[in-house]
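Listing of work-v2.csv, CSV, C-alpha atoms
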```csv
chain,number,residue,atom,x,y,z
A,1,MET,CA,17.3,-49.1,-18.7
A,2,PRO,CA,19.6,-51.3,-20.9
A,3,SER,CA,23.3,-51.2,-20.1
A,4,ILE,CA,26.0,-50.0,-22.5
A,5,ASN,CA,29.5,-51.3,-22.9
A,6,GLU,CA,32.7,-50.3,-24.7
A,7,LYS,CA,32.2,-52.9,-27.5
A,8,GLN,CA,28.9,-51.3,-28.5
A,9,ILE,CA,30.4,-47.8,-28.4
A,10,LEU,CA,33.3,-48.8,-30.7
A,11,ARG,CA,30.9,-50.7,-33.0
A,12,THR,CA,28.8,-47.5,-33.3
A,13,LEU,CA,31.8,-45.2,-33.8
A,14,ASN,CA,33.0,-47.6,-36.5
A,15,THR,CA,30.3,-46.1,-38.7
A,16,ILE,CA,31.7,-42.6,-38.4
A,17,LYS,CA,34.1,-41.7,-41.2
A,18,GLU,CA,37.1,-39.4,-41.0
A,19,PRO,CA,36.5,-37.0,-44.0
A,20,SER,CA,39.9,-36.9,-45.6
A,21,SER,CA,40.5,-40.6,-45.6
A,22,ASN,CA,36.9,-41.9,-45.7
A,23,LYS,CA,37.9,-44.5,-43.2
A,24,SER,CA,36.2,-45.0,-39.8
A,25,VAL,CA,37.5,-43.3,-36.7
A,26,VAL,CA,37.9,-46.8,-35.1
A,27,GLU,CA,39.8,-48.1,-38.1
A,28,LEU,CA,42.2,-45.2,-37.9
A,29,GLN,CA,42.6,-45.9,-34.2
A,30,MET,CA,41.5,-42.4,-33.3
A,31,ILE,CA,39.3,-43.5,-30.4
A,32,SER,CA,40.7,-44.0,-26.9
A,33,GLY,CA,40.1,-43.4,-23.2
A,34,VAL,CA,36.5,-44.7,-23.2
A,35,VAL,CA,34.8,-44.1,-19.8
A,36,ILE,CA,31.3,-45.4,-19.0
A,37,LYS,CA,29.4,-44.5,-15.8
A,38,ASP,CA,25.7,-44.8,-15.2
A,39,GLY,CA,24.8,-44.2,-18.8
A,40,ASN,CA,27.3,-41.3,-19.2
A,41,VAL,CA,29.9,-42.0,-21.9
A,42,GLY,CA,33.2,-40.1,-22.4
A,43,PHE,CA,36.0,-40.8,-24.9
A,44,THR,CA,38.8,-39.1,-26.8
A,45,ILE,CA,39.4,-38.6,-30.5
A,46,GLU,CA,43.1,-38.2,-31.4
A,47,ILE,CA,43.8,-35.9,-34.2
A,48,GLU,CA,46.6,-33.9,-35.9
A,49,PRO,CA,47.2,-30.6,-34.1
A,50,SER,CA,46.7,-28.6,-37.3
A,51,LYS,CA,43.2,-30.1,-37.9
A,52,ALA,CA,41.6,-29.2,-34.6
A,53,GLN,CA,39.1,-26.7,-36.0
A,54,GLU,CA,38.0,-28.8,-39.0
A,55,MET,CA,37.5,-31.9,-36.8
A,56,GLU,CA,34.8,-30.3,-34.6
A,57,PRO,CA,32.0,-31.6,-36.9
A,58,LEU,CA,33.5,-35.1,-36.6
A,59,ARG,CA,33.5,-34.7,-32.8
A,60,HIS,CA,29.8,-33.7,-32.8
A,61,ALA,CA,28.9,-36.6,-35.1
A,62,CYS,CA,30.6,-39.1,-32.8
A,63,GLU,CA,28.8,-37.7,-29.8
A,64,GLU,CA,25.5,-37.7,-31.6
A,65,ALA,CA,25.9,-41.3,-32.7
A,66,ILE,CA,26.6,-42.5,-29.1
A,67,ARG,CA,23.7,-40.4,-27.6
A,68,HIS,CA,21.3,-42.4,-29.7
A,69,LEU,CA,22.4,-45.7,-28.3
A,70,PRO,CA,19.9,-47.3,-25.9
A,71,GLY,CA,21.0,-46.8,-22.3
A,72,VAL,CA,23.1,-43.7,-23.0
A,73,ILE,CA,22.2,-40.6,-21.1
A,74,SER,CA,25.0,-38.3,-22.2
A,75,ALA,CA,28.1,-38.5,-24.5
A,76,THR,CA,31.1,-36.3,-24.3
A,77,ALA,CA,33.9,-36.6,-26.9
A,78,VAL,CA,37.3,-34.8,-26.4
A,79,LEU,CA,39.6,-33.8,-29.2
A,80,THR,CA,43.2,-34.4,-28.4
A,81,ALA,CA,46.1,-33.3,-30.5
A,82,GLU,CA,49.4,-35.1,-30.3
A,83,ARG,CA,52.5,-32.9,-30.8
A,84,LYS,CA,54.8,-33.8,-33.6
A,85,ALA,CA,58.3,-34.7,-32.7
A,86,THR,CA,60.8,-31.9,-32.8
A,87,THR,CA,64.5,-31.9,-33.4
A,88,GLY,CA,67.1,-30.9,-30.8
A,89,ALA,CA,67.7,-27.7,-32.7
A,90,GLN,CA,64.0,-26.8,-32.5
A,91,THR,CA,63.6,-27.5,-28.8
A,92,HIS,CA,66.7,-25.6,-27.7
A,93,ASN,CA,66.6,-22.2,-29.3
A,94,THR,CA,69.4,-19.8,-28.6
A,95,ALA,CA,69.0,-16.5,-26.9
A,96,ASP,CA,69.1,-14.8,-30.3
A,97,ASN,CA,65.9,-16.5,-31.5
A,98,GLN,CA,63.9,-16.6,-28.3
A,99,GLN,CA,60.3,-15.6,-29.1
A,100,SER,CA,57.1,-14.9,-27.3
A,101,ARG,CA,53.8,-15.9,-28.8
A,102,GLN,CA,50.3,-14.9,-27.9
A,103,THR,CA,48.4,-18.1,-27.0
A,104,SER,CA,44.9,-18.7,-28.1
A,105,VAL,CA,43.0,-17.7,-25.0
A,106,LYS,CA,39.3,-18.5,-25.2
A,107,GLU,CA,37.1,-16.1,-23.3
A,108,LEU,CA,34.5,-17.2,-20.8
A,109,PRO,CA,32.0,-14.4,-21.3
A,110,ASN,CA,29.7,-15.4,-18.4
A,111,ILE,CA,32.4,-15.9,-15.9
A,112,LYS,CA,33.9,-12.8,-14.4
A,113,SER,CA,37.0,-14.4,-12.8
A,114,VAL,CA,38.8,-17.7,-12.9
A,115,LEU,CA,41.0,-18.6,-9.9
A,116,ALA,CA,43.5,-21.5,-10.0
A,117,VAL,CA,44.2,-23.2,-6.6
A,118,ALA,CA,47.5,-25.0,-7.1
A,119,SER,CA,50.3,-26.8,-5.3
A,120,GLY,CA,53.7,-27.9,-6.2
A,121,LYS,CA,53.2,-31.4,-4.8
A,122,GLY,CA,50.4,-33.7,-3.7
A,123,GLY,CA,49.2,-34.3,-0.2
A,124,VAL,CA,49.2,-30.7,1.0
A,125,GLY,CA,45.5,-30.4,1.3
A,126,LYS,CA,45.0,-28.3,-1.8
A,127,SER,CA,41.5,-29.8,-2.7
A,128,THR,CA,40.3,-29.2,0.9
A,129,VAL,CA,41.4,-25.6,0.7
A,130,ALA,CA,39.8,-25.2,-2.8
A,131,ALA,CA,36.5,-26.6,-1.6
A,132,ASN,CA,36.4,-24.4,1.5
A,133,LEU,CA,37.4,-21.3,-0.4
A,134,ALA,CA,34.7,-21.9,-2.9
A,135,LEU,CA,32.1,-22.2,-0.2
A,136,ALA,CA,33.5,-19.1,1.5
A,137,PHE,CA,33.2,-17.1,-1.7
A,138,ALA,CA,29.6,-18.2,-1.9
A,139,ALA,CA,28.9,-17.4,1.7
A,140,ASN,CA,30.3,-13.9,1.0
A,141,GLY,CA,27.6,-13.4,-1.7
A,142,SER,CA,29.4,-14.5,-4.9
A,143,ARG,CA,28.1,-16.8,-7.6
A,144,VAL,CA,30.6,-19.6,-7.6
A,145,GLY,CA,31.5,-22.7,-9.7
A,146,VAL,CA,34.2,-25.3,-9.1
A,147,LEU,CA,36.1,-27.0,-11.9
A,148,ASP,CA,37.8,-30.2,-10.7
A,149,ALA,CA,40.8,-30.1,-13.0
A,150,ASP,CA,42.6,-32.9,-11.1
A,151,ILE,CA,41.8,-35.4,-13.8
A,152,TYR,CA,43.8,-38.2,-12.3
A,153,GLY,CA,42.4,-37.8,-8.8
A,154,PRO,CA,39.1,-36.0,-8.9
A,155,SER,CA,37.9,-35.4,-5.3
A,156,MET,CA,35.4,-32.5,-5.5
A,157,PRO,CA,32.3,-34.7,-5.9
A,158,ARG,CA,33.1,-36.3,-2.5
A,159,MET,CA,34.2,-33.1,-0.8
A,160,LEU,CA,31.2,-31.1,-1.9
A,161,GLY,CA,28.8,-34.0,-1.2
A,162,ILE,CA,27.6,-34.3,-4.8
A,163,ALA,CA,26.4,-37.6,-6.3
A,164,GLY,CA,24.8,-38.1,-9.6
A,165,ARG,CA,25.5,-37.5,-13.3
A,166,PRO,CA,25.5,-34.3,-15.3
A,167,GLN,CA,22.8,-34.0,-18.0
A,168,ALA,CA,23.0,-32.5,-21.4
A,169,GLY,CA,20.7,-29.6,-22.2
A,170,ASP,CA,19.1,-28.7,-25.6
A,171,ASP,CA,22.3,-26.8,-26.5
A,172,LYS,CA,24.2,-30.1,-26.1
A,173,LYS,CA,26.2,-28.7,-23.2
A,174,LEU,CA,26.4,-30.5,-19.9
A,175,ARG,CA,24.8,-28.9,-16.8
A,176,PRO,CA,27.0,-28.8,-13.8
A,177,LEU,CA,25.8,-30.4,-10.6
A,178,GLU,CA,25.3,-28.2,-7.6
A,179,ASN,CA,25.3,-28.3,-3.8
A,180,TYR,CA,25.5,-25.6,-1.1
A,181,GLY,CA,24.8,-23.1,-3.9
A,182,VAL,CA,28.1,-24.0,-5.7
A,183,LYS,CA,28.1,-25.5,-9.2
A,184,CYS,CA,30.6,-28.2,-9.9
A,185,MET,CA,32.0,-30.2,-12.9
A,186,SER,CA,34.4,-33.1,-12.5
A,187,MET,CA,35.6,-36.2,-14.3
A,188,GLY,CA,34.6,-37.9,-11.0
A,189,PHE,CA,31.0,-37.7,-12.2
A,190,LEU,CA,31.8,-39.8,-15.2
A,191,MET,CA,33.8,-42.6,-13.6
A,192,GLU,CA,33.7,-44.8,-10.6
A,193,GLU,CA,35.5,-43.4,-7.6
A,194,ASP,CA,38.2,-46.2,-7.5
A,195,THR,CA,38.7,-46.3,-11.3
A,196,PRO,CA,42.1,-45.1,-12.4
A,197,MET,CA,42.2,-42.5,-15.2
A,198,ILE,CA,44.9,-43.6,-17.6
A,199,TRP,CA,45.2,-40.7,-20.0
A,200,ARG,CA,48.1,-39.1,-21.7
A,201,GLY,CA,48.8,-35.4,-21.6
A,202,PRO,CA,46.9,-34.4,-24.8
A,203,MET,CA,43.8,-36.1,-23.5
A,204,VAL,CA,44.0,-34.2,-20.2
A,205,GLN,CA,44.3,-30.9,-22.2
A,206,GLY,CA,41.3,-31.7,-24.3
A,207,ALA,CA,39.2,-32.8,-21.3
A,208,LEU,CA,40.0,-29.6,-19.4
A,209,GLU,CA,39.1,-27.4,-22.4
A,210,GLN,CA,35.7,-29.1,-22.9
A,211,MET,CA,34.9,-29.1,-19.2
A,212,LEU,CA,35.4,-25.3,-19.4
A,213,HIS,CA,33.7,-24.5,-22.7
A,214,ASP,CA,31.2,-27.3,-23.2
A,215,VAL,CA,29.5,-26.9,-19.8
A,216,GLN,CA,26.6,-24.5,-19.2
A,217,TRP,CA,28.1,-22.7,-16.2
A,218,GLY,CA,25.7,-19.8,-16.4
A,219,GLU,CA,26.6,-16.4,-14.8
A,220,LEU,CA,29.5,-16.8,-12.3
A,221,ASP,CA,31.4,-14.2,-10.3
A,222,ILE,CA,34.2,-16.7,-9.8
A,223,LEU,CA,35.2,-20.1,-11.0
A,224,VAL,CA,37.5,-21.9,-8.6
A,225,VAL,CA,39.8,-24.4,-10.4
A,226,ASP,CA,41.2,-27.2,-8.3
A,227,MET,CA,44.4,-27.9,-10.2
A,228,PRO,CA,46.3,-31.2,-10.1
A,229,PRO,CA,49.6,-31.0,-8.2
A,230,GLY,CA,52.8,-30.2,-10.1
A,231,THR,CA,53.7,-28.1,-13.2
A,232,GLY,CA,52.5,-30.2,-16.1
A,233,ASP,CA,50.0,-30.3,-18.9
A,234,ALA,CA,47.0,-29.2,-16.9
A,235,GLN,CA,48.7,-26.1,-15.6
A,236,LEU,CA,50.0,-25.1,-19.0
A,237,THR,CA,46.6,-25.7,-20.6
A,238,MET,CA,44.9,-23.5,-18.0
A,239,ALA,CA,47.6,-20.8,-18.5
A,240,GLN,CA,47.5,-20.9,-22.3
A,241,ARG,CA,43.8,-21.3,-22.9
A,242,VAL,CA,42.0,-19.6,-20.0
A,243,PRO,CA,42.0,-16.0,-18.9
A,244,LEU,CA,43.1,-16.7,-15.4
A,245,ALA,CA,42.6,-13.9,-12.9
A,246,GLY,CA,45.3,-15.5,-10.8
A,247,ALA,CA,46.6,-18.5,-8.9
A,248,VAL,CA,46.8,-19.3,-5.2
A,249,ILE,CA,49.5,-21.8,-4.1
A,250,VAL,CA,48.9,-24.1,-1.2
A,251,SER,CA,51.9,-25.6,0.7
A,252,THR,CA,52.7,-27.2,3.9
A,253,PRO,CA,55.5,-25.5,5.9
A,254,GLN,CA,58.3,-28.1,5.5
A,255,ASP,CA,61.2,-27.5,3.1
A,256,ILE,CA,60.5,-30.3,0.7
A,257,ALA,CA,56.9,-29.0,0.1
A,258,LEU,CA,58.1,-25.4,-0.2
A,259,LEU,CA,60.7,-26.4,-2.8
A,260,ASP,CA,57.9,-27.7,-5.1
A,261,ALA,CA,55.7,-24.7,-4.2
A,262,ARG,CA,58.4,-22.4,-5.4
A,263,LYS,CA,58.5,-24.3,-8.7
A,264,GLY,CA,54.8,-23.8,-9.0
A,265,LEU,CA,55.2,-20.1,-8.4
A,266,ALA,CA,58.0,-19.8,-11.0
A,267,MET,CA,55.8,-21.6,-13.6
A,268,PHE,CA,52.8,-19.3,-13.1
A,269,GLN,CA,55.2,-16.3,-13.3
A,270,ARG,CA,56.7,-17.6,-16.4
A,271,VAL,CA,53.4,-17.7,-18.2
A,272,HIS,CA,52.3,-14.3,-16.9
A,273,VAL,CA,49.6,-15.5,-14.5
A,274,PRO,CA,49.4,-13.4,-11.3
A,275,VAL,CA,50.2,-15.3,-8.2
A,276,LEU,CA,47.8,-13.9,-5.6
A,277,GLY,CA,49.6,-15.5,-2.6
A,278,PHE,CA,50.7,-18.5,-0.6
A,279,ILE,CA,48.5,-20.4,1.9
A,280,GLU,CA,50.3,-22.5,4.6
A,281,ASN,CA,48.1,-25.6,5.3
A,282,MET,CA,48.7,-28.0,8.1
A,283,SER,CA,50.7,-25.2,9.7
A,284,TYR,CA,50.4,-26.6,13.3
A,285,PHE,CA,48.4,-29.1,15.3
A,286,LEU,CA,46.4,-28.5,18.4
A,287,CYS,CA,45.8,-31.6,20.5
A,288,PRO,CA,42.0,-31.9,21.0
A,289,HIS,CA,42.6,-33.6,24.4
A,290,CYS,CA,45.2,-31.4,26.1
A,291,GLY,CA,45.3,-28.3,23.9
A,292,ASP,CA,49.1,-28.5,23.3
A,293,ARG,CA,50.4,-27.2,20.1
A,294,SER,CA,52.7,-29.3,17.9
A,295,GLU,CA,54.3,-28.0,14.7
A,296,ILE,CA,54.5,-31.4,13.0
A,297,PHE,CA,55.6,-30.1,9.6
A,298,SER,CA,57.5,-27.1,11.0
A,299,HIS,CA,55.8,-23.7,10.9
A,300,GLY,CA,56.0,-20.4,9.1
A,301,GLY,CA,58.0,-21.7,6.0
A,302,ALA,CA,55.3,-20.5,3.5
A,303,LYS,CA,55.2,-17.0,5.1
A,304,THR,CA,59.0,-16.7,5.1
A,305,TRP,CA,59.3,-17.7,1.4
A,306,ALA,CA,56.4,-15.4,0.5
A,307,GLU,CA,58.3,-12.5,1.9
A,308,LYS,CA,61.5,-13.6,0.2
A,309,LEU,CA,59.7,-13.9,-3.2
A,310,ASP,CA,57.7,-10.8,-2.7
A,311,VAL,CA,54.4,-12.7,-2.9
A,312,PRO,CA,51.4,-12.0,-0.5
A,313,PHE,CA,51.0,-14.4,2.4
A,314,LEU,CA,47.3,-15.2,2.6
A,315,GLY,CA,47.1,-17.1,5.9
A,316,GLU,CA,47.8,-20.3,7.7
A,317,LEU,CA,45.4,-23.2,8.5
A,318,PRO,CA,46.0,-26.0,11.1
A,319,LEU,CA,46.1,-29.7,10.8
A,320,ASP,CA,42.7,-30.3,12.4
A,321,ILE,CA,40.5,-33.3,12.8
A,322,GLU,CA,37.3,-31.4,12.1
A,323,ILE,CA,38.6,-30.0,8.8
A,324,ARG,CA,39.5,-33.5,7.7
A,325,GLU,CA,36.3,-35.2,8.9
A,326,THR,CA,34.0,-32.6,7.3
A,327,SER,CA,35.8,-32.8,4.0
A,328,ASP,CA,35.6,-36.6,3.9
A,329,GLN,CA,31.9,-36.4,4.8
A,330,GLY,CA,31.1,-33.9,2.0
A,331,THR,CA,30.2,-31.2,4.5
A,332,PRO,CA,33.3,-28.8,4.4
A,333,ILE,CA,33.8,-26.9,7.6
A,334,VAL,CA,32.9,-23.5,6.1
A,335,MET,CA,29.4,-25.0,5.5
A,336,SER,CA,29.0,-27.3,8.5
A,337,ASN,CA,30.5,-25.1,11.2
A,338,PRO,CA,30.6,-21.5,9.7
A,339,ASP,CA,31.1,-19.9,13.1
A,340,SER,CA,34.2,-21.9,13.9
A,341,ALA,CA,37.7,-20.3,14.0
A,342,HIS,CA,38.8,-22.4,11.1
A,343,ALA,CA,35.8,-21.4,8.9
A,344,GLN,CA,36.4,-17.8,9.8
A,345,THR,CA,40.0,-18.1,8.6
A,346,PHE,CA,38.9,-19.5,5.3
A,347,SER,CA,36.4,-16.7,5.0
A,348,ALA,CA,39.1,-14.0,5.6
A,349,ILE,CA,41.4,-15.6,3.1
A,350,ALA,CA,38.6,-15.7,0.5
A,351,LYS,CA,37.8,-12.0,1.0
A,352,ASN,CA,41.5,-11.2,0.7
A,353,ILE,CA,41.8,-13.2,-2.6
A,354,TYR,CA,38.7,-11.7,-4.0
A,355,SER,CA,39.8,-8.1,-3.3
A,356,ARG,CA,43.1,-8.8,-5.0
A,357,ILE,CA,41.3,-10.2,-8.1
A,358,LEU,CA,39.1,-7.1,-8.3
A,359,ASN,CA,42.1,-4.8,-7.9
A,360,ASP,CA,43.9,-6.6,-10.7
A,361,GLU,CA,41.0,-6.8,-13.2
A,362,ASP,CA,41.9,-3.6,-15.0
A,363,THR,CA,45.6,-4.3,-15.3
A,364,ARG,CA,45.7,-7.9,-16.3
A,365,THR,CA,47.3,-8.8,-19.6
A,366,PRO,CA,46.7,-12.1,-21.5
A,367,PRO,CA,49.3,-14.7,-20.7
A,368,LYS,CA,52.3,-15.3,-23.0
A,369,ILE,CA,54.3,-18.4,-23.3
A,370,VAL,CA,58.0,-18.0,-23.8
A,371,THR,CA,59.7,-20.7,-26.0
A,372,ILE,CA,63.3,-21.3,-25.2
```

Do you think you could lay out the structure here as structure tokens?
Amino acid sequence: MPSINEKQILRTLNTIKEPSSNKSVVELQMISGVVIKDGNVGFTIEIEPSKAQEMEPLRHACEEAIRHLPGVISATAVLTAERKATTGAQTHNTADNQQSRQTSVKELPNIKSVLAVASGKGGVGKSTVAANLALAFAANGSRVGVLDADIYGPSMPRMLGIAGRPQAGDDKKLRPLENYGVKCMSMGFLMEEDTPMIWRGPMVQGALEQMLHDVQWGELDILVVDMPPGTGDAQLTMAQRVPLAGAVIVSTPQDIALLDARKGLAMFQRVHVPVLGFIENMSYFLCPHCGDRSEIFSHGGAKTWAEKLDVPFLGELPLDIEIRETSDQGTPIVMSNPDSAHAQTFSAIAKNIYSRILNDEDTRTPPKIVTI
């Protein structure tokens, strides 16, 4: 199969005209973020925010042009909208003119519930928890998908033991890849594992929306979203554009991690997304040789703060060699050793979360964003 390179892609896109100016999208410098992996091509098209709807035909035309190139298996274009600069008066409204606006939530009719697994900071094992929870949901009988929303550090392909590339169907939507009965979509399928993703915020927003709405997920009981750490563009995009059933916040027990976890909680509360609970990861360490317990990162901090903040505490997980090794090997412990104590803990937490989602289904209101 012939190989494809960025120069060929830009040459082809140079034939696509932007309707209002009749100039090419390349000439107008609208194309950026080109990613090529094994014949799968991804790129972004930067547009004015007000023109998002009318630019959809342009996006489709760009994708179609690239798909016809020799060596291209799939092409995915993401519309990104840069925000116009605002004045200080506009960004700092007074209490008299504070206003709430209903955001444009796009329904996912074939997905019953969307769960965000989040953390205030990186390095707390959020992705490991997300992968094992997804497998626990599946083991409990649910139809499950995983969206790897950690655009800058996608890890789900490795953790779920999935290699390959998503294919586009007749409807032009990508088919998620699958392992252990769990469907998965990740930017990691479209880029080399050690390639940095250098994208600005609007590109991240566009990529997330298209991985949600331009993927043929099929019928799912729950879609687990592995969020990037922090409280940035990805979190706001999910809160504004997706009917989230709720969020679970993962933290280690030490004060510095819990400080950021509380920020994550406050953000989700601010945008009216139910926080279903805290999970304390790396809660303690049991020496595999002598059996002694060491609380390396302290212990119980997440439970203490959950009680203070009136948020459910969902459980604690240890810093354990088997959990780490099985995740690195693409065989998470819930799948590779389902009878182990740790796998049973993940299963219990998953059942708790799912029961909370079901109990909240009839009372959820769409999220609102408050502008201050």

Exercise for the section: Would you work out the distance separating CA of Ala266 in chain A from CA of Gly122 in chain A, expressed in Å to one decimal? Expected result: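 We find that CA of Ala266 in chain A and CA of Gly122 in chain A lie 17.4 Å from each other.
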
Neighbours of Leu58 in chain A within 10 Å (only C-alpha atoms; same-chain residues fewer than 2 positions away dropped), as a compact mmCIF listing (two decimals) with C-alpha atoms, in the frame of the given file?
```
# COMPACT_ATOMS: atom_id res chain seq x y z
CA ILE A 16 31.70 -42.60 -38.40
CA LYS A 17 34.10 -41.70 -41.20
CA GLU A 18 37.10 -39.40 -41.00
CA PRO A 19 36.50 -37.00 -44.00
CA VAL A 25 37.50 -43.30 -36.70
CA ILE A 45 39.40 -38.60 -30.50
CA GLU A 54 38.00 -28.80 -39.00
CA MET A 55 37.50 -31.90 -36.80
CA GLU A 56 34.80 -30.30 -34.60
CA HIS A 60 29.80 -33.70 -32.80
CA ALA A 61 28.90 -36.60 -35.10
CA CYS A 62 30.60 -39.10 -32.80
CA GLU A 63 28.80 -37.70 -29.80
CA GLU A 64 25.50 -37.70 -31.60
CA ALA A 77 33.90 -36.60 -26.90
CA LEU A 79 39.60 -33.80 -29.20
```

Exercise for the section: Would you mind listing what lies within 8 Å of Leu133 in chain A as a list in words, with all atoms listed in the file counted and same-chain residues fewer than 2 positions away left out? Expected result: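 What passes the distance filter is Val129, Ala130, Ala131, Leu135, Ala136, Phe137, Phe346, Ser347, Ile349 and Ala350 of chain A.
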
Practice task
For Ala348 in chain A, list every protein, DNA or RNA residue within 12 Å, evaluated using all atoms listed in the file, and leave out those in the same chain fewer than 2 positions away; present the list as a list in words.
Solution key: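 Listed by chain and then number, they are Asn132, Leu133, Ala136, Phe137, Ala139, Asn140, Ile279, Leu314, Gly315, Glu316, Leu317, Val334, Ala341, His342, Ala343, Gln344, Thr345, Phe346, Ala350, Lys351, Asn352, Ile353, Tyr354 and Ser355 of chain A.
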
Handout entry: Residue neighbourhood Ala261 in chain A, 6 Å, all atoms listed in the file, exclusion window fewer than 3 positions, as a PyMOL selection string
Key = chain A and resi 119-120+258+264

Output file for the residues above (C-alpha atoms, as a compact mmCIF listing (two decimals), in the frame of the given file):
```txt
# COMPACT_ATOMS: atom_id res chain seq x y z
CA SER A 119 50.30 -26.80 -5.30
CA GLY A 120 53.70 -27.90 -6.20
CA LEU A 258 58.10 -25.40 -0.20
CA GLY A 264 54.80 -23.80 -9.00
```

Exercise for the section: Enter the distance from CA of Val225 in chain A to CA of Tyr152 in chain A, in Å, rounded to one decimal. Expected result: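 Between CA of Val225 in chain A and CA of Tyr152 in chain A the gap is 14.5 Å.
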
Problem - For CA of Leu265 in chain A and CA of Leu212 in chain A, the interatomic separation in Å (one decimal) - result: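 Spanning CA of Leu265 in chain A to CA of Leu212 in chain A is a straight-line distance of 23.2 Å.
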
Practice task
Name the residues in contact with Pro154 in chain A at a cut-off of 6 Å, using only C-alpha atoms, excluding same-chain residues fewer than 3 positions from it; report them as a list of chain:residue names.
Solution key: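 Counting only C-alpha atoms, the residues come to A:Asp150, A:Ile151, A:Gly188.
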
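Nearest residue to Gln29 in chain A, choosing from A:Met335, A:Leu10, A:Leu108, A:Leu174 and counting all atoms listed in the file: A:Leu10.
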
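Residue nearest Thr12 in chain A within the list A:Ile66, A:Ala302, A:Leu223, A:Ala247: A:Ile66 [criterion: smallest interatomic distance, only C-alpha atoms].
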
Exercise for the section: List the residues sitting within 8 Å of (36.5, -45.3, -21.7) in the file's frame, using all atoms listed in the file, as a PyMOL selection string. Expected result: chain A and resi 6+32-36+41-43

Exercise for the section: Scan for residues within 12 Å of the point (46.2, -43.8, -36.7) in the coordinates of the file, using all atoms listed in the file, and reply as a PyMOL selection string. Expected result: chain A and resi 18+21+23-32+45-48+82

Using the incomplete input, complete range 268-280 of chain A to the level of N, CA and C atoms; output as a JSON list (two decimals), in the coordinates of the input.
```
[["chain", "number", "residue", "atom", "x", "y", "z"],
["A", 268, "PHE", "N", 53.91, -20.24, -12.90],
["A", 268, "PHE", "CA", 52.80, -19.30, -13.10],
["A", 268, "PHE", "C", 53.43, -17.90, -13.54],
["A", 269, "GLN", "N", 54.52, -17.51, -12.91],
["A", 269, "GLN", "CA", 55.20, -16.30, -13.30],
["A", 269, "GLN", "C", 55.69, -16.30, -14.71],
["A", 270, "ARG", "N", 56.19, -17.47, -15.08],
["A", 270, "ARG", "CA", 56.70, -17.60, -16.40],
["A", 270, "ARG", "C", 55.68, -17.44, -17.51],
["A", 271, "VAL", "N", 54.46, -17.85, -17.21],
["A", 271, "VAL", "CA", 53.40, -17.70, -18.20],
["A", 271, "VAL", "C", 52.49, -16.53, -17.92],
["A", 272, "HIS", "N", 52.99, -15.60, -17.12],
["A", 272, "HIS", "CA", 52.30, -14.30, -16.90],
["A", 272, "HIS", "C", 50.96, -14.46, -16.21],
["A", 273, "VAL", "N", 50.83, -15.39, -15.29],
["A", 273, "VAL", "CA", 49.60, -15.50, -14.50],
["A", 273, "VAL", "C", 49.93, -14.95, -13.11],
["A", 274, "PRO", "N", 49.17, -13.96, -12.65],
["A", 274, "PRO", "CA", 49.40, -13.40, -11.30],
["A", 274, "PRO", "C", 49.31, -14.42, -10.21],
["A", 275, "VAL", "N", 50.29, -14.48, -9.34],
["A", 275, "VAL", "CA", 50.20, -15.30, -8.20],
["A", 275, "VAL", "C", 49.68, -14.45, -7.02],
["A", 276, "LEU", "N", 48.48, -14.74, -6.57],
["A", 276, "LEU", "CA", 47.80, -13.90, -5.60],
["A", 276, "LEU", "C", 48.29, -14.14, -4.17],
["A", 277, "GLY", "N", 49.01, -15.26, -3.96],
["A", 277, "GLY", "CA", 49.60, -15.50, -2.60],
["A", 277, "GLY", "C", 49.75, -16.94, -2.29],
["A", 278, "PHE", "N", 50.44, -17.16, -1.16],
["A", 278, "PHE", "CA", 50.70, -18.50, -0.60],
["A", 278, "PHE", "C", 49.72, -18.71, 0.57],
["A", 279, "ILE", "N", 49.27, -19.95, 0.72],
["A", 279, "ILE", "CA", 48.50, -20.40, 1.90],
["A", 279, "ILE", "C", 49.32, -21.52, 2.55],
["A", 280, "GLU", "N", 49.56, -21.41, 3.85],
["A", 280, "GLU", "CA", 50.30, -22.50, 4.60],
["A", 280, "GLU", "C", 49.21, -23.38, 5.22]]
```
